[in-house]
>>> print(open('query20.pdb').read())   # PDB, C-alpha atoms and all ligand atoms
MODEL        1
ATOM      1  CA  MET A   3       7.697 -38.613 -11.475
ATOM      2  CA  ALA A   4      10.744 -36.946  -9.842
ATOM      3  CA  ASP A   5      13.859 -38.135 -11.637
ATOM      4  CA  HIS A   6      15.877 -38.387  -8.437
ATOM      5  CA  LEU A   7      15.483 -38.210  -4.673
ATOM      6  CA  VAL A   8      18.003 -37.245  -1.996
ATOM      7  CA  ILE A   9      17.298 -38.966   1.314
ATOM      8  CA  PRO A  10      19.151 -38.380   4.589
ATOM      9  CA  ALA A  11      20.028 -41.604   6.419
ATOM     10  CA  PRO A  12      20.684 -40.709  10.074
ATOM     11  CA  ALA A  13      22.707 -42.586  12.673
ATOM     12  CA  LYS A  14      20.996 -43.977  15.788
ATOM     13  CA  LEU A  15      21.797 -44.298  19.445
ATOM     14  CA  ASN A  16      20.476 -47.075  21.708
ATOM     15  CA  LEU A  17      19.874 -45.175  24.960
ATOM     16  CA  VAL A  18      18.849 -48.496  26.493
ATOM     17  CA  LEU A  19      19.865 -51.893  25.135
ATOM     18  CA  ARG A  20      18.558 -54.827  27.177
ATOM     19  CA  VAL A  21      19.435 -58.246  25.842
ATOM     20  CA  GLY A  22      17.676 -61.505  26.749
ATOM     21  CA  PRO A  23      18.949 -65.092  26.438
ATOM     22  CA  ARG A  24      19.588 -66.446  22.926
ATOM     23  CA  ALA A  25      16.364 -67.785  21.356
ATOM     24  CA  PRO A  26      16.097 -70.987  19.228
ATOM     25  CA  ASP A  27      16.354 -68.852  16.037
ATOM     26  CA  GLY A  28      19.884 -67.892  17.132
ATOM     27  CA  TYR A  29      18.979 -64.277  17.928
ATOM     28  CA  HIS A  30      18.659 -62.542  21.286
ATOM     29  CA  PRO A  31      15.359 -60.806  22.153
ATOM     30  CA  LEU A  32      15.892 -57.104  22.743
ATOM     31  CA  GLY A  33      14.327 -54.217  24.629
ATOM     32  CA  THR A  34      15.898 -51.077  23.250
ATOM     33  CA  LEU A  35      15.188 -47.362  23.241
ATOM     34  CA  LEU A  36      16.344 -46.097  19.863
ATOM     35  CA  VAL A  37      16.751 -42.453  18.895
ATOM     36  CA  ALA A  38      17.568 -41.157  15.422
ATOM     37  CA  LEU A  39      20.339 -38.559  15.622
ATOM     38  CA  ALA A  40      20.707 -35.111  14.112
ATOM     39  CA  GLY A  41      24.125 -34.098  12.827
ATOM     40  CA  LEU A  42      25.444 -37.512  11.797
ATOM     41  CA  GLU A  43      23.991 -38.962   8.619
ATOM     42  CA  ASP A  44      24.747 -40.647   5.312
ATOM     43  CA  THR A  45      23.129 -39.279   2.152
ATOM     44  CA  VAL A  46      21.355 -41.632  -0.245
ATOM     45  CA  THR A  47      20.555 -40.381  -3.768
ATOM     46  CA  ILE A  48      18.270 -42.511  -5.923
ATOM     47  CA  ALA A  49      17.638 -41.871  -9.625
ATOM     48  CA  ALA A  50      15.644 -43.820 -12.178
ATOM     49  CA  ALA A  51      18.099 -45.592 -14.523
ATOM     50  CA  PRO A  52      18.053 -48.352 -17.155
ATOM     51  CA  SER A  53      19.703 -50.841 -14.764
ATOM     52  CA  ARG A  54      20.666 -51.137 -11.098
ATOM     53  CA  THR A  55      23.953 -49.597  -9.939
ATOM     54  CA  LEU A  56      25.142 -48.949  -6.387
ATOM     55  CA  SER A  57      28.007 -46.645  -5.509
ATOM     56  CA  CYS A  58      28.908 -46.605  -1.827
ATOM     57  CA  PRO A  59      32.589 -45.684  -1.412
ATOM     58  CA  GLY A  60      34.133 -47.182   1.714
ATOM     59  CA  ALA A  61      31.507 -49.929   2.061
ATOM     60  CA  PRO A  62      31.056 -53.357   0.440
ATOM     61  CA  ASP A  63      29.720 -53.604  -3.131
ATOM     62  CA  GLY A  64      26.796 -55.610  -4.498
ATOM     63  CA  PRO A  65      24.818 -58.055  -2.346
ATOM     64  CA  ALA A  66      27.310 -57.664   0.528
ATOM     65  CA  ASN A  67      25.817 -54.185   0.968
ATOM     66  CA  LEU A  68      22.465 -54.133   2.799
ATOM     67  CA  ALA A  69      21.256 -51.322   0.506
ATOM     68  CA  TRP A  70      21.559 -53.717  -2.452
ATOM     69  CA  ARG A  71      19.590 -56.393  -0.592
ATOM     70  CA  ALA A  72      16.908 -53.768   0.181
ATOM     71  CA  VAL A  73      16.344 -53.399  -3.579
ATOM     72  CA  ASP A  74      16.157 -57.212  -3.932
ATOM     73  CA  ALA A  75      13.533 -57.349  -1.152
ATOM     74  CA  LEU A  76      11.421 -54.597  -2.691
ATOM     75  CA  GLU A  77      11.622 -56.131  -6.182
ATOM     76  CA  ALA A  78      10.520 -59.495  -4.763
ATOM     77  CA  ALA A  79       7.616 -57.885  -2.849
ATOM     78  CA  CYS A  80       6.404 -55.967  -5.919
ATOM     79  CA  ALA A  81       7.250 -58.719  -8.421
ATOM     80  CA  ARG A  82       8.809 -56.200 -10.799
ATOM     81  CA  PRO A  83      12.275 -54.809 -11.530
ATOM     82  CA  LEU A  84      13.110 -51.447  -9.965
ATOM     83  CA  PRO A  85      16.180 -50.305 -11.882
ATOM     84  CA  ALA A  86      17.867 -47.315 -10.273
ATOM     85  CA  ARG A  87      21.177 -45.637  -9.761
ATOM     86  CA  ILE A  88      21.887 -45.463  -6.025
ATOM     87  CA  ASP A  89      24.693 -43.267  -4.707
ATOM     88  CA  ILE A  90      25.499 -43.360  -1.002
ATOM     89  CA  VAL A  91      27.821 -40.870   0.650
ATOM     90  CA  LYS A  92      28.904 -42.432   3.930
ATOM     91  CA  ARG A  93      29.678 -40.333   6.981
ATOM     92  CA  ILE A  94      28.550 -42.791   9.652
ATOM     93  CA  PRO A  95      31.512 -45.056  10.434
ATOM     94  CA  MET A  96      31.041 -48.786   9.897
ATOM     95  CA  GLN A  97      31.243 -51.351  12.714
ATOM     96  CA  ALA A  98      30.566 -48.551  15.175
ATOM     97  CA  GLY A  99      27.096 -49.613  16.392
ATOM     98  CA  LEU A 100      25.544 -46.447  14.915
ATOM     99  CA  GLY A 101      23.324 -48.223  12.378
ATOM    100  CA  GLY A 102      24.711 -46.684   9.170
ATOM    101  CA  GLY A 103      24.188 -49.723   6.913
ATOM    102  CA  SER A 104      20.660 -50.278   8.255
ATOM    103  CA  SER A 105      19.794 -46.605   7.827
ATOM    104  CA  ASP A 106      21.012 -46.652   4.206
ATOM    105  CA  ALA A 107      18.872 -49.758   3.534
ATOM    106  CA  ALA A 108      15.772 -48.065   5.005
ATOM    107  CA  ALA A 109      16.445 -44.969   2.891
ATOM    108  CA  VAL A 110      16.566 -47.182  -0.205
ATOM    109  CA  LEU A 111      13.230 -48.841   0.694
ATOM    110  CA  ILE A 112      11.587 -45.451   1.221
ATOM    111  CA  GLY A 113      13.225 -43.772  -1.761
ATOM    112  CA  LEU A 114      12.440 -46.478  -4.303
ATOM    113  CA  THR A 115       8.856 -46.709  -3.037
ATOM    114  CA  ALA A 116       8.437 -42.965  -3.632
ATOM    115  CA  LEU A 117      10.346 -42.892  -6.937
ATOM    116  CA  TYR A 118       8.287 -45.695  -8.467
ATOM    117  CA  ARG A 119       5.059 -44.805  -6.599
ATOM    118  CA  LEU A 120       4.750 -48.374  -5.407
ATOM    119  CA  GLY A 121       1.924 -47.582  -2.998
ATOM    120  CA  LEU A 122       3.395 -49.576  -0.089
ATOM    121  CA  ASP A 123       2.639 -48.097   3.314
ATOM    122  CA  VAL A 124       5.013 -47.796   6.246
ATOM    123  CA  ARG A 125       3.803 -51.071   7.862
ATOM    124  CA  GLU A 126       4.520 -53.029   4.681
ATOM    125  CA  LEU A 127       7.955 -51.441   4.412
ATOM    126  CA  GLU A 128       8.640 -52.286   8.067
ATOM    127  CA  ARG A 129       7.796 -55.943   7.406
ATOM    128  CA  LEU A 130      10.287 -56.050   4.530
ATOM    129  CA  ALA A 131      12.798 -54.156   6.665
ATOM    130  CA  ALA A 132      12.608 -56.715   9.494
ATOM    131  CA  ASP A 133      13.936 -59.429   7.169
ATOM    132  CA  LEU A 134      16.921 -57.240   6.262
ATOM    133  CA  GLY A 135      18.180 -56.586   9.812
ATOM    134  CA  SER A 136      17.219 -55.733  13.380
ATOM    135  CA  ASP A 137      17.632 -51.953  13.068
ATOM    136  CA  VAL A 138      16.065 -51.470   9.631
ATOM    137  CA  PRO A 139      12.382 -51.286  10.792
ATOM    138  CA  PHE A 140      13.382 -48.536  13.223
ATOM    139  CA  PHE A 141      14.932 -46.462  10.437
ATOM    140  CA  VAL A 142      11.821 -46.878   8.274
ATOM    141  CA  ARG A 143       9.734 -45.472  11.151
ATOM    142  CA  GLY A 144      12.259 -42.936  12.550
ATOM    143  CA  GLY A 145      11.944 -40.718  15.607
ATOM    144  CA  THR A 146      12.285 -42.228  19.090
ATOM    145  CA  GLN A 147      11.005 -45.793  19.487
ATOM    146  CA  TRP A 148      10.992 -48.546  22.106
ATOM    147  CA  ALA A 149      11.800 -51.665  20.079
ATOM    148  CA  THR A 150      11.264 -55.259  21.211
ATOM    149  CA  GLY A 151      11.432 -58.715  19.663
ATOM    150  CA  ARG A 152      14.363 -58.626  17.274
ATOM    151  CA  GLY A 153      13.722 -54.905  16.820
ATOM    152  CA  GLU A 154      10.598 -55.244  14.681
ATOM    153  CA  ARG A 155       7.985 -54.331  17.329
ATOM    154  CA  LEU A 156       8.070 -50.547  17.675
ATOM    155  CA  LEU A 157       6.353 -48.316  20.218
ATOM    156  CA  PRO A 158       6.710 -44.547  19.663
ATOM    157  CA  ARG A 159       8.142 -42.614  22.607
ATOM    158  CA  SER A 160       8.585 -38.908  23.095
ATOM    159  CA  ARG A 161      11.875 -37.478  21.925
ATOM    160  CA  PRO A 162      14.276 -36.935  24.841
ATOM    161  CA  THR A 163      14.918 -33.220  25.229
ATOM    162  CA  ASP A 164      18.068 -31.675  26.678
ATOM    163  CA  LEU A 165      20.135 -34.606  25.532
ATOM    164  CA  TRP A 166      23.449 -34.095  23.756
ATOM    165  CA  ALA A 167      25.663 -37.016  22.878
ATOM    166  CA  VAL A 168      29.362 -36.886  22.116
ATOM    167  CA  ILE A 169      30.096 -39.914  19.935
ATOM    168  CA  CYS A 170      33.709 -41.102  19.904
ATOM    169  CA  GLY A 171      35.567 -43.710  17.956
ATOM    170  CA  PRO A 172      34.965 -46.281  16.685
ATOM    171  CA  VAL A 173      37.431 -46.955  19.473
ATOM    172  CA  ALA A 174      37.461 -50.593  18.388
ATOM    173  CA  PRO A 175      35.561 -51.866  15.325
ATOM    174  CA  LEU A 176      33.634 -54.843  16.688
ATOM    175  CA  SER A 177      31.818 -57.696  14.963
ATOM    176  CA  THR A 178      28.216 -57.942  16.160
ATOM    177  CA  THR A 179      28.374 -61.749  15.995
ATOM    178  CA  GLU A 180      31.482 -61.838  18.225
ATOM    179  CA  VAL A 181      29.978 -59.437  20.763
ATOM    180  CA  TYR A 182      26.802 -61.555  21.112
ATOM    181  CA  ARG A 183      28.880 -64.749  21.337
ATOM    182  CA  THR A 184      30.950 -63.207  24.135
ATOM    183  CA  PHE A 185      27.736 -62.013  25.829
ATOM    184  CA  ASP A 186      26.543 -65.658  25.880
ATOM    185  CA  ARG A 187      29.882 -66.863  27.244
ATOM    186  CA  LEU A 188      29.832 -64.310  30.091
ATOM    187  CA  GLY A 189      26.331 -65.404  31.151
ATOM    188  CA  HIS A 190      24.240 -63.519  33.791
ATOM    189  CA  CYS A 191      21.393 -62.888  31.439
ATOM    190  CA  GLY A 192      17.757 -63.094  32.555
ATOM    191  CA  ALA A 193      14.524 -62.546  30.619
ATOM    192  CA  ILE A 194      14.021 -58.934  29.610
ATOM    193  CA  ASP A 195      11.194 -56.696  30.761
ATOM    194  CA  PRO A 196       9.262 -55.693  27.625
ATOM    195  CA  ALA A 197       7.981 -52.486  29.273
ATOM    196  CA  PRO A 198       9.614 -49.280  28.081
ATOM    197  CA  PRO A 199      11.548 -47.227  30.635
ATOM    198  CA  THR A 200       9.842 -44.202  32.155
ATOM    199  CA  GLU A 201      11.010 -40.775  31.099
ATOM    200  CA  PRO A 202      12.824 -38.406  31.393
ATOM    201  CA  TRP A 203      16.220 -39.960  30.772
ATOM    202  CA  THR A 204      17.976 -37.829  33.398
ATOM    203  CA  SER A 205      15.795 -38.997  36.295
ATOM    204  CA  GLY A 206      15.700 -42.762  36.150
ATOM    205  CA  GLY A 207      19.242 -43.990  35.719
ATOM    206  CA  TRP A 208      17.862 -46.395  33.125
ATOM    207  CA  VAL A 209      20.341 -45.575  30.367
ATOM    208  CA  GLY A 210      22.630 -48.527  29.702
ATOM    209  CA  ASN A 211      23.772 -51.272  27.387
ATOM    210  CA  ASP A 212      23.795 -54.976  28.368
ATOM    211  CA  LEU A 213      26.499 -55.647  25.754
ATOM    212  CA  TRP A 214      28.997 -53.415  27.536
ATOM    213  CA  GLN A 215      30.852 -56.156  29.451
ATOM    214  CA  ALA A 216      31.096 -58.339  26.350
ATOM    215  CA  ALA A 217      32.407 -55.497  24.196
ATOM    216  CA  ARG A 218      34.882 -54.463  26.864
ATOM    217  CA  THR A 219      36.143 -58.033  27.160
ATOM    218  CA  LEU A 220      36.855 -58.088  23.416
ATOM    219  CA  ALA A 221      38.304 -54.556  23.323
ATOM    220  CA  PRO A 222      39.680 -53.457  26.707
ATOM    221  CA  GLU A 223      40.611 -50.050  25.242
ATOM    222  CA  LEU A 224      36.890 -49.190  25.385
ATOM    223  CA  GLY A 225      37.348 -48.824  29.164
ATOM    224  CA  ALA A 226      39.801 -45.928  28.708
ATOM    225  CA  ALA A 227      37.406 -44.178  26.307
ATOM    226  CA  ALA A 228      34.593 -44.562  28.870
ATOM    227  CA  ASP A 229      36.842 -43.160  31.614
ATOM    228  CA  ASP A 230      37.703 -40.113  29.468
ATOM    229  CA  LEU A 231      34.025 -39.330  28.850
ATOM    230  CA  ALA A 232      33.181 -39.736  32.557
ATOM    231  CA  ARG A 233      36.135 -37.560  33.610
ATOM    232  CA  LEU A 234      34.887 -34.787  31.309
ATOM    233  CA  GLY A 235      31.535 -34.782  33.124
ATOM    234  CA  ALA A 236      29.217 -36.995  31.052
ATOM    235  CA  HIS A 237      26.008 -37.838  32.977
ATOM    236  CA  GLU A 238      26.044 -41.264  31.361
ATOM    237  CA  VAL A 239      28.576 -43.155  29.269
ATOM    238  CA  LEU A 240      27.490 -45.990  27.048
ATOM    239  CA  LEU A 241      28.555 -48.313  24.295
ATOM    240  CA  CYS A 242      26.799 -47.573  20.979
ATOM    241  CA  GLY A 243      24.775 -50.651  19.934
ATOM    242  CA  SER A 244      27.116 -53.638  19.719
ATOM    243  CA  GLY A 245      30.094 -51.274  19.472
ATOM    244  CA  GLY A 246      32.655 -50.144  18.976
ATOM    245  CA  ALA A 247      31.847 -46.395  19.241
ATOM    246  CA  MET A 248      31.189 -44.876  22.667
ATOM    247  CA  ALA A 249      28.770 -42.098  23.617
ATOM    248  CA  GLY A 250      28.883 -39.644  26.503
ATOM    249  CA  LEU A 251      25.622 -37.871  27.353
ATOM    250  CA  TRP A 252      25.211 -34.282  28.519
ATOM    251  CA  THR A 253      22.166 -32.082  29.195
ATOM    252  CA  SER A 254      23.480 -29.024  27.361
ATOM    253  CA  ARG A 255      24.981 -28.483  23.956
ATOM    254  CA  ALA A 256      27.628 -26.119  25.325
ATOM    255  CA  ALA A 257      28.847 -28.673  27.880
ATOM    256  CA  ALA A 258      28.905 -31.445  25.263
ATOM    257  CA  GLU A 259      30.854 -29.293  22.816
ATOM    258  CA  ALA A 260      33.320 -28.248  25.523
ATOM    259  CA  ALA A 261      33.972 -31.912  26.352
ATOM    260  CA  ALA A 262      34.281 -32.839  22.668
ATOM    261  CA  GLY A 263      36.954 -30.157  22.290
ATOM    262  CA  GLN A 264      39.133 -32.088  24.734
ATOM    263  CA  LEU A 265      38.737 -35.514  23.184
ATOM    264  CA  ARG A 266      40.520 -37.183  20.301
ATOM    265  CA  SER A 267      38.528 -39.207  17.754
ATOM    266  CA  VAL A 268      35.192 -37.406  18.147
ATOM    267  CA  ILE A 269      32.818 -38.512  15.390
ATOM    268  CA  ALA A 270      30.025 -36.039  16.153
ATOM    269  CA  VAL A 271      28.197 -34.025  18.771
ATOM    270  CA  THR A 272      24.569 -34.975  18.241
ATOM    271  CA  SER A 273      21.062 -34.766  19.680
ATOM    272  CA  PRO A 274      17.815 -36.642  18.979
ATOM    273  CA  ARG A 275      16.492 -35.726  15.554
ATOM    274  CA  PRO A 276      13.062 -34.148  15.285
ATOM    275  CA  ARG A 277      10.697 -36.598  13.577
ATOM    276  CA  VAL A 278      10.380 -36.140   9.830
ATOM    277  CA  THR A 279       8.588 -38.316   7.340
ATOM    278  CA  GLY A 280      10.816 -40.893   5.729
ATOM    279  CA  THR A 281      13.931 -42.077   7.468
ATOM    280  CA  GLY A 282      14.947 -40.742  10.824
TER     281      GLY A 282
HETATM  282  O1  LIG B 301      21.619 -58.061  12.961
HETATM  283  P1  LIG B 301      22.829 -58.719  12.339
HETATM  284  O2  LIG B 301      22.463 -59.677  11.260
HETATM  285  O3  LIG B 301      23.893 -57.743  11.950
HETATM  286  O4  LIG B 301      23.483 -59.610  13.488
HETATM  287  C1  LIG B 301      24.674 -60.334  13.304
HETATM  288  C2  LIG B 301      24.721 -61.476  14.318
HETATM  289  O5  LIG B 301      24.627 -60.969  15.650
HETATM  290  C3  LIG B 301      23.594 -62.466  14.183
HETATM  291  O6  LIG B 301      23.885 -63.454  13.226
HETATM  292  C4  LIG B 301      23.512 -63.048  15.600
HETATM  293  O7  LIG B 301      24.525 -64.007  15.789
HETATM  294  C5  LIG B 301      23.874 -61.855  16.473
HETATM  295  N1  LIG B 301      22.664 -61.184  16.984
HETATM  296  C6  LIG B 301      21.973 -61.775  18.025
HETATM  297  N2  LIG B 301      20.829 -61.181  18.510
HETATM  298  C7  LIG B 301      20.378 -60.024  17.998
HETATM  299  C8  LIG B 301      21.074 -59.391  16.938
HETATM  300  C9  LIG B 301      22.212 -60.011  16.446
HETATM  301  O8  LIG B 301      22.382 -62.827  18.520
HETATM  302  N3  LIG B 301      19.251 -59.472  18.480
ENDMDL
END
>>> encode(input="query20.pdb", output="structure tokens")
Amino acid sequence: MADHLVIPAPAKLNLVLRVGPRAPDGYHPLGTLLVALAGLEDTVTIAAAPSRTLSCPGAPDGPANLAWRAVDALEAACARPLPARIDIVKRIPMQAGLGGGSSDAAAVLIGLTALYRLGLDVRELERLAADLGSDVPFFVRGGTQWATGRGERLLPRSRPTDLWAVICGPVAPLSTTEVYRTFDRLGHCGAIDPAPPTEPWTSGGWVGNDLWQAARTLAPELGAAADDLARLGAHEVLLCGSGGAMAGLWTSRAAAEAAAGQLRSVIAVTSPRPRVTGTG
């Protein structure tokens, strides 16, 4: 048995985020095209240890951290303790809509399963992941996925090529709950089409985020960040998840890097991550 594992936990971008009306369970059904990103990731190190410890500087401790609750979920599913030392180095900003906490939790599910040879397959891990949060099943599967339901129904899509994203911010750290509440208040929401958009991303004009107006209402400064990205030539500008980071999309790395050089508060210049086993 390896005595420790080092697992990359990538950020994600929702190239499309369609949001339907709030369901009786309090959540909104989604139709979202998720891509795992290269060049922006946390690192999760898991080592067998006599008891459970979690070090995650800059993020909440204990059960307030989704990575901790991922261990609880796995222990409950396997009906056995899984003591481990978990060290997370965070590079993905929090409250940015980039999925850092969910990605860390998925890395913990995958890492502990491998470390203790629990014999759970990806489908079983995805079921556990769905109870932890909407983005966690995606990070267990990785790659590029069209996700529906609350994010638990995943359909693999081909990785967009020639796509470079300049991620800025978080311009305004936003609470997911507040953004969805504002989305409800603003109205105009019909049922969502569960069909995935057709590719390629540059041809259809389908890139977009239904939470944009709500986020912008809560944080008007997002509008200036969007204007900056558009002025620098981004093909598309979109809010990341429920905010508050923004992404501008380009078709070449050189053009994206040139634009990033003129912006303040750039988090990363990224592109869709080639599929690997494990997270991302
Ligand atoms: O996924 P997470 O638990 O972080 O979501 C926080 C809150 O955002 C939920 O309690 C819910 O109010 C809202 N939300 C929603 N529909 C979704 C995802 C989140 O209404 N699909």
>>> closest_residue(input="query20.pdb", among="A:Asp5, A:Glu259, A:Asp27, A:Glu77", to="ligand LIG 301 (chain B)", atoms="all atoms listed in the file")
A:Asp27
>>> residues_around(input="query20.pdb", residues="segment 164-174 of chain A", least_positions_apart="2", cutoff="7 Å", atoms="all atoms listed in the file", output="PyMOL selection string")
chain A and resi 98+162+176+221+224+246-255+258+262+267-273
>>> resolve_selection(input="query20.pdb", expression="the PyMOL selection byres (((chain A and resi 213) around 8) and not hetatm)", output="number ranges by chain")
A: 19, 21, 181-182, 185, 211-212, 214-217, 241, 243-244
>>> residues_around(input="query20.pdb", residues="Arg129 of chain A", least_positions_apart="2", cutoff="12 Å", atoms="only C-alpha atoms", output="ChimeraX atom specification")
/A:72,75-76,79,108,111,122-127,131-136,138-140,142-143,153-156
>>> axis_aligned_box(input="query20.pdb", around="segment 87-99 of chain A", padding_each_side="8 Å", output="JSON")
{"center_x": 26.3, "center_y": -45.8, "center_z": 3.3, "size_x": 26.3, "size_y": 27.0, "size_z": 42.2}
